>>> print(open('my_file-v3.txt').read())   # compact mmCIF, C-alpha atoms
# COMPACT_ATOMS: atom_id res chain seq x y z
CA MET A 1 -133.91 58.96 178.43
CA GLU A 2 -131.23 61.63 178.58
CA ILE A 3 -128.27 59.27 178.33
CA PHE A 4 -129.39 58.17 174.85
CA ALA A 5 -129.20 61.79 173.65
CA ASN A 6 -125.44 61.62 174.08
CA PRO A 7 -123.54 60.42 170.94
CA ASP A 8 -121.03 58.61 173.17
CA THR A 9 -123.91 56.47 174.44
CA TRP A 10 -124.57 55.09 170.96
CA ILE A 11 -120.89 54.35 170.43
CA SER A 12 -120.82 52.49 173.74
CA LEU A 13 -124.02 50.65 172.81
CA LEU A 14 -122.66 49.51 169.44
CA THR A 15 -119.33 48.47 170.98
CA LEU A 16 -120.97 46.50 173.77
CA THR A 17 -123.47 44.87 171.39
CA PHE A 18 -120.61 43.72 169.17
CA MET A 19 -118.73 42.38 172.18
CA GLU A 20 -121.83 40.54 173.43
CA VAL A 21 -122.32 38.89 170.02
CA VAL A 22 -118.66 37.81 169.90
CA LEU A 23 -118.78 36.49 173.46
CA GLY A 24 -122.05 34.71 172.63
CA ILE A 25 -120.46 32.63 169.87
CA ASP A 26 -119.33 29.96 172.33
CA ASN A 27 -122.85 29.88 173.78
CA ILE A 28 -124.39 29.36 170.33
CA VAL A 29 -121.88 26.62 169.50
CA PHE A 30 -122.62 24.79 172.76
CA ILE A 31 -126.38 25.08 172.30
CA SER A 32 -126.12 23.95 168.67
CA ILE A 33 -124.24 20.80 169.65
CA ILE A 34 -126.35 19.93 172.68
CA VAL A 35 -129.72 20.38 170.93
CA SER A 36 -128.58 18.13 168.07
CA ARG A 37 -129.39 15.19 170.37
CA LEU A 38 -133.04 16.22 170.45
CA PRO A 39 -135.67 15.10 167.92
CA LYS A 40 -135.62 17.39 164.89
CA GLU A 41 -139.03 18.83 165.71
CA GLN A 42 -137.73 19.96 169.14
CA GLN A 43 -134.34 21.33 168.10
CA GLY A 44 -135.64 24.77 167.11
CA LYS A 45 -137.57 24.99 170.37
CA GLY A 46 -134.48 23.98 172.34
CA ARG A 47 -132.31 26.63 170.64
CA THR A 48 -134.89 29.37 171.19
CA ILE A 49 -135.50 28.50 174.84
CA GLY A 50 -131.75 28.20 175.45
CA LEU A 51 -131.00 31.67 174.07
CA MET A 52 -134.02 33.18 175.83
CA LEU A 53 -132.75 31.70 179.11
CA ALA A 54 -129.36 33.29 178.41
CA LEU A 55 -131.11 36.65 177.89
CA VAL A 56 -133.07 36.29 181.15
CA PHE A 57 -129.93 35.36 183.11
CA ARG A 58 -128.01 38.33 181.74
CA ILE A 59 -130.78 40.82 182.55
CA ILE A 60 -131.20 39.40 186.08
CA LEU A 61 -127.45 39.64 186.66
CA LEU A 62 -127.44 43.22 185.37
CA LEU A 63 -130.15 44.17 187.86
CA PHE A 64 -127.86 42.89 190.62
CA ILE A 65 -124.76 44.40 189.09
CA SER A 66 -123.39 45.74 192.39
CA HIS A 67 -123.42 42.23 193.86
CA ILE A 68 -121.82 40.80 190.72
CA VAL A 69 -118.91 43.22 190.99
CA GLN A 70 -118.46 42.17 194.62
CA ALA A 71 -118.26 38.56 193.46
CA LYS A 72 -114.65 39.28 192.53
CA GLU A 73 -113.81 39.92 196.17
CA PRO A 74 -111.80 37.06 197.81
CA LEU A 75 -113.74 34.54 199.89
CA PHE A 76 -110.72 32.66 201.17
CA THR A 77 -107.05 32.08 200.40
CA LEU A 78 -105.41 28.86 199.26
CA ASN A 79 -101.77 27.90 199.66
CA LEU A 80 -100.75 26.44 196.33
CA PRO A 81 -98.85 23.12 196.63
CA PHE A 82 -95.20 22.95 195.57
CA THR A 83 -95.00 26.77 195.57
CA GLU A 84 -94.86 29.57 198.09
CA ASN A 85 -97.66 31.44 196.32
CA GLU A 86 -101.15 32.04 197.67
CA LEU A 87 -104.38 32.15 195.63
CA ASP A 88 -107.28 34.41 196.59
CA VAL A 89 -110.49 32.55 195.66
CA SER A 90 -113.68 34.50 194.90
CA ILE A 91 -117.21 33.51 193.88
CA ARG A 92 -116.26 34.38 190.30
CA ASP A 93 -113.32 31.98 190.45
CA LEU A 94 -115.52 29.15 191.73
CA ILE A 95 -118.12 29.73 189.00
CA LEU A 96 -115.48 29.87 186.27
CA PHE A 97 -113.77 26.74 187.61
CA ALA A 98 -117.02 24.76 187.77
CA GLY A 99 -118.10 25.98 184.34
CA GLY A 100 -114.72 25.16 182.82
CA LEU A 101 -114.80 21.62 184.22
CA PHE A 102 -118.35 21.17 182.93
CA LEU A 103 -117.34 22.28 179.42
CA LEU A 104 -114.26 20.06 179.47
CA ALA A 105 -116.27 17.02 180.57
CA LYS A 106 -119.12 17.65 178.10
CA SER A 107 -116.84 18.35 175.13
CA THR A 108 -114.64 15.33 175.88
CA THR A 109 -117.71 13.07 176.13
CA GLU A 110 -119.10 14.38 172.83
CA ILE A 111 -115.74 13.92 171.07
CA HIS A 112 -115.43 10.39 172.48
CA ASN A 113 -118.95 9.50 171.31
CA LYS A 114 -118.23 10.88 167.86
CA LEU A 115 -114.95 8.97 167.53
CA GLU A 116 -116.63 5.78 168.74
CA GLY A 117 -119.38 6.27 166.15
CA GLU A 118 -122.19 6.48 168.68
CA GLU A 119 -124.12 8.99 166.59
CA GLU A 120 -124.08 6.83 163.49
CA SER A 121 -124.79 3.57 165.29
CA HIS A 122 -127.68 5.07 167.21
CA GLU A 123 -129.12 7.12 164.38
CA ALA A 124 -132.22 5.00 164.23
CA SER A 125 -132.81 5.15 167.96
CA LYS A 126 -132.76 8.94 168.31
CA PRO A 127 -133.56 10.98 170.32
CA THR A 128 -130.63 10.41 172.67
CA ALA A 129 -131.73 13.18 175.05
CA THR A 130 -134.87 14.81 176.36
CA LEU A 131 -135.72 18.50 176.21
CA GLY A 132 -135.60 18.72 180.00
CA LYS A 133 -132.06 17.31 180.25
CA VAL A 134 -130.85 19.52 177.42
CA LEU A 135 -132.31 22.65 179.03
CA ILE A 136 -130.67 21.83 182.37
CA GLN A 137 -127.27 21.64 180.66
CA ILE A 138 -127.97 24.87 178.78
CA ILE A 139 -128.96 26.61 182.03
CA LEU A 140 -125.73 25.50 183.73
CA ILE A 141 -123.50 26.81 180.97
CA ASP A 142 -125.65 29.94 180.50
CA ILE A 143 -124.92 30.88 184.11
CA VAL A 144 -121.18 30.73 183.45
CA PHE A 145 -121.27 32.53 180.10
CA SER A 146 -123.72 35.16 181.42
CA PHE A 147 -121.51 35.83 184.43
CA ASP A 148 -118.43 36.27 182.26
CA SER A 149 -120.35 38.43 179.78
CA ILE A 150 -121.67 40.78 182.46
CA LEU A 151 -118.22 41.29 183.96
CA THR A 152 -117.01 42.28 180.49
CA ALA A 153 -119.94 44.69 180.10
CA VAL A 154 -119.12 46.37 183.42
CA GLY A 155 -115.65 47.17 182.11
CA LEU A 156 -117.03 48.87 178.99
CA VAL A 157 -120.19 50.73 180.08
CA ASN A 158 -121.32 52.40 183.30
CA HIS A 159 -125.09 52.57 182.68
CA VAL A 160 -127.17 49.45 183.34
CA SER A 161 -129.84 50.57 180.85
CA ILE A 162 -127.27 50.58 178.02
CA MET A 163 -126.08 47.12 179.08
CA ILE A 164 -129.64 45.74 179.01
CA VAL A 165 -130.36 47.21 175.56
CA ALA A 166 -127.05 45.83 174.20
CA VAL A 167 -127.78 42.38 175.65
CA ILE A 168 -131.29 42.34 174.13
CA ILE A 169 -130.02 43.43 170.68
CA SER A 170 -127.20 40.85 170.74
CA MET A 171 -129.63 38.08 171.73
CA VAL A 172 -132.01 39.02 168.89
CA ILE A 173 -129.08 38.81 166.46
CA MET A 174 -128.08 35.41 167.85
CA LEU A 175 -131.67 34.14 167.67
CA ILE A 176 -131.82 35.12 164.00
CA PHE A 177 -128.60 33.32 163.09
CA SER A 178 -128.72 30.43 165.58
CA LYS A 179 -130.45 28.00 163.19
CA ALA A 180 -128.01 28.74 160.36
CA VAL A 181 -125.04 28.22 162.71
CA SER A 182 -126.58 25.04 164.13
CA ASP A 183 -127.27 23.56 160.68
CA PHE A 184 -123.80 24.49 159.46
CA VAL A 185 -122.11 22.82 162.46
CA ASN A 186 -124.24 19.68 162.66
CA LYS A 187 -124.30 18.88 158.92
CA ARG A 188 -120.49 18.85 158.70
CA PRO A 189 -118.79 16.28 160.98
CA THR A 190 -115.35 17.87 160.73
CA VAL A 191 -116.72 21.33 161.54
CA LYS A 192 -118.57 19.83 164.50
CA MET A 193 -115.30 18.35 165.72
CA LEU A 194 -113.71 21.80 165.39
CA ALA A 195 -116.59 23.28 167.39
CA LEU A 196 -116.09 20.70 170.14
CA SER A 197 -112.37 21.47 170.17
CA PHE A 198 -113.28 25.15 170.45
CA LEU A 199 -115.43 24.39 173.51
CA LEU A 200 -112.52 22.43 174.98
CA MET A 201 -110.31 25.52 174.60
CA ILE A 202 -112.98 27.67 176.24
CA GLY A 203 -113.14 25.17 179.12
CA VAL A 204 -109.36 25.31 179.58
CA MET A 205 -109.50 29.11 179.45
CA LEU A 206 -112.21 29.26 182.13
CA VAL A 207 -110.27 26.94 184.44
CA ALA A 208 -107.10 29.00 183.86
CA GLU A 209 -108.97 32.24 184.63
CA SER A 210 -110.25 30.72 187.88
CA PHE A 211 -106.56 30.43 188.88
CA HIS A 212 -105.98 34.07 187.83
CA VAL A 213 -104.13 33.10 184.65
CA GLU A 214 -105.48 35.44 182.00
CA ILE A 215 -105.59 34.10 178.45
CA PRO A 216 -106.62 36.74 175.88
CA LYS A 217 -109.85 35.57 174.28
CA GLY A 218 -108.81 37.13 170.99
CA TYR A 219 -106.16 34.41 170.60
CA ILE A 220 -108.75 31.66 171.03
CA TYR A 221 -111.30 33.21 168.67
CA PHE A 222 -108.62 33.87 166.04
CA ALA A 223 -107.34 30.29 166.32
CA MET A 224 -110.87 28.96 165.85
CA PHE A 225 -111.57 31.30 162.93
CA PHE A 226 -108.29 30.34 161.24
CA SER A 227 -108.99 26.62 161.74
CA LEU A 228 -112.50 27.06 160.34
CA MET A 229 -111.18 28.83 157.22
CA VAL A 230 -108.66 26.02 156.65
CA GLU A 231 -111.43 23.42 157.07
CA LEU A 232 -113.68 25.22 154.56
CA LEU A 233 -110.83 25.23 152.04
CA ASN A 234 -110.28 21.50 152.69
CA GLN A 235 -113.97 20.82 152.12
CA LYS A 236 -113.89 22.70 148.83
CA LEU A 237 -110.80 20.74 147.79
CA ARG A 238 -112.39 17.41 148.78
CA LYS A 239 -115.47 18.27 146.76
CA LYS A 240 -113.34 18.91 143.69
CA THR A 241 -111.36 15.69 144.08
CA ASP A 242 -114.33 13.51 145.04
CA PRO A 243 -114.70 10.61 142.51
CA VAL A 244 -118.45 11.14 142.13
CA HIS A 245 -117.96 14.84 141.52
CA LEU A 246 -115.20 14.15 138.99
CA ARG A 247 -117.35 11.63 137.09
CA GLN A 248 -120.19 14.12 136.90
CA SER A 249 -117.79 16.75 135.57
CA GLU A 250 -116.46 14.32 132.92
CA LEU A 251 -120.01 13.52 131.79
CA VAL A 252 -120.77 17.21 131.39
CA ASP A 253 -117.57 17.69 129.39
CA THR A 254 -118.33 14.80 127.03
CA GLU A 255 -121.83 16.11 126.37
>>> encode(input="my_file-v3.txt", output="structure tokens")
Amino acid sequence: MEIFANPDTWISLLTLTFMEVVLGIDNIVFISIIVSRLPKEQQGKGRTIGLMLALVFRIILLLFISHIVQAKEPLFTLNLPFTENELDVSIRDLILFAGGLFLLAKSTTEIHNKLEGEEESHEASKPTATLGKVLIQIILIDIVFSFDSILTAVGLVNHVSIMIVAVIISMVIMLIFSKAVSDFVNKRPTVKMLALSFLLMIGVMLVAESFHVEIPKGYIYFAMFFSLMVELLNQKLRKKTDPVHLRQSELVDTE
């Protein structure tokens, strides 16, 4: 293809691939948390199917890119209460609003269950979800994340073929690292709580965007990255001050 003979095409491809991977972090986090309720032998299958569904949704949306761009056109206008302002509501706004509410509800439920100790008290009675239910939830959130991702891609690249290649590459990268991310999140309760808080922030951001309040995603990703670094330092400190660890160190010293 002639467009791939142009050096600018490769720069656009690398840029878009990087952006797709970054924007896919929230999708991986959500999938990692939701598949943790499946039996262990089905968790890998759930992650793979979830990411493959995300890939399919993105490619389908790219093939209908002209209609997706039109989804930003206003459907109707709302008069906001207590103000004289009007809000133009589009299909994009409705999707973002519904997706944001879904993330808020799901994250809040997971946090509540974790604080109430449901996971520990029901450890013996797992699984707490079926593959079908998990995939339905993944499909719902994939639609929202795919929609948002494609709108970002449109702003960076003009050729659909480049978008499709970037999406495929980013999904392969996420498939490779999805298990490592999932294990890292689910084996550390405090990190899992951070991940749920991250999804809460994403939910708030989606709802805000549906009301045309733009919140730079860089702020959210930086806040999550900073919190994660602090938590990793805390874990290292707790390991050093743990009584069992200290006793083992003393035994080594005396030998």
>>> residues_around(input="my_file-v3.txt", residues="Ile91 in chain A", least_positions_apart="4", cutoff="9 Å", atoms="all atoms listed in the file", output="list in words")
Gln70, Ala71, Lys72, Glu73, Pro74, Leu75, Ile95 and Leu96 of chain A
>>> write_last_selection(input="my_file-v3.txt", atoms="C-alpha atoms", output="PDB file, in the frame of the given file")
ATOM      1  CA  GLN A  70    -118.460  42.170 194.620  1.00  0.00           C
ATOM      2  CA  ALA A  71    -118.260  38.560 193.460  1.00  0.00           C
ATOM      3  CA  LYS A  72    -114.650  39.280 192.530  1.00  0.00           C
ATOM      4  CA  GLU A  73    -113.810  39.920 196.170  1.00  0.00           C
ATOM      5  CA  PRO A  74    -111.800  37.060 197.810  1.00  0.00           C
ATOM      6  CA  LEU A  75    -113.740  34.540 199.890  1.00  0.00           C
ATOM      7  CA  ILE A  95    -118.120  29.730 189.000  1.00  0.00           C
ATOM      8  CA  LEU A  96    -115.480  29.870 186.270  1.00  0.00           C
TER       9      LEU A  96
END
>>> atom_distance(input="my_file-v3.txt", atom1="CA of Gly100 in chain A", atom2="CA of Val56 in chain A")
21.5 Å
>>> atom_distance(input="my_file-v3.txt", atom1="CA of Leu94 in chain A", atom2="CA of Phe30 in chain A")
20.7 Å
>>> atom_distance(input="my_file-v3.txt", atom1="CA of Ile173 in chain A", atom2="CA of Val21 in chain A")
7.6 Å
>>> closest_residue(input="my_file-v3.txt", among="A:Ser12, A:Thr241, A:Thr48, A:Asn113", to="Val172 in chain A", atoms="only C-alpha atoms")
A:Thr48
>>> closest_residue(input="my_file-v3.txt", among="A:Leu232, A:Leu23, A:Leu14, A:Ile143", to="Phe57 in chain A", atoms="all atoms listed in the file")
A:Ile143
>>> residues_around(input="my_file-v3.txt", residues="Leu62 in chain A", least_positions_apart="3", cutoff="8 Å", atoms="only C-alpha atoms", output="list in words")
Arg58, Ile59, Ile65, Ile150, Val160, Met163 and Ile164 of chain A
>>> residues_around(input="my_file-v3.txt", residues="range 188-197 of chain A", least_positions_apart="4", cutoff="9 Å", atoms="only C-alpha atoms", output="PyMOL selection string")
chain A and resi 26+29-30+33+107-108+110-111+114+183-184+201-202+224+227-228+231-232
>>> write_last_selection(input="my_file-v3.txt", atoms="C-alpha atoms", output="compact mmCIF listing (two decimals), in the coordinates of the input")
# COMPACT_ATOMS: atom_id res chain seq x y z
CA ASP A 26 -119.33 29.96 172.33
CA VAL A 29 -121.88 26.62 169.50
CA PHE A 30 -122.62 24.79 172.76
CA ILE A 33 -124.24 20.80 169.65
CA SER A 107 -116.84 18.35 175.13
CA THR A 108 -114.64 15.33 175.88
CA GLU A 110 -119.10 14.38 172.83
CA ILE A 111 -115.74 13.92 171.07
CA LYS A 114 -118.23 10.88 167.86
CA ASP A 183 -127.27 23.56 160.68
CA PHE A 184 -123.80 24.49 159.46
CA MET A 201 -110.31 25.52 174.60
CA ILE A 202 -112.98 27.67 176.24
CA MET A 224 -110.87 28.96 165.85
CA SER A 227 -108.99 26.62 161.74
CA LEU A 228 -112.50 27.06 160.34
CA GLU A 231 -111.43 23.42 157.07
CA LEU A 232 -113.68 25.22 154.56
>>> closest_residue(input="my_file-v3.txt", among="A:Phe18, A:Phe145, A:Phe198, A:Phe76", to="Leu51 in chain A", atoms="all atoms listed in the file")
A:Phe145
>>> closest_residue(input="my_file-v3.txt", among="A:His112, A:Lys179, A:Lys239, A:Lys217", to="Ile28 in chain A", atoms="all atoms listed in the file")
A:Lys179
>>> closest_residue(input="my_file-v3.txt", among="A:Pro81, A:Gly50, A:Gly44, A:Gly218", to="Met19 in chain A", atoms="all atoms listed in the file")
A:Gly218
>>> residues_around(input="my_file-v3.txt", residues="Phe97 in chain A", least_positions_apart="4", cutoff="6 Å", atoms="all atoms listed in the file", output="ChimeraX atom specification")
/A:93,207,210
>>> closest_residue(input="my_file-v3.txt", among="A:Leu63, A:Met205, A:Ala223, A:Ala166", to="Leu104 in chain A", atoms="only C-alpha atoms")
A:Met205
>>> axis_aligned_box(input="my_file-v3.txt", around="range 12-29 of chain A", padding_each_side="4 Å", output="JSON")
{"center_x": -121.5, "center_y": 39.6, "center_z": 171.5, "size_x": 13.7, "size_y": 33.9, "size_z": 12.6}
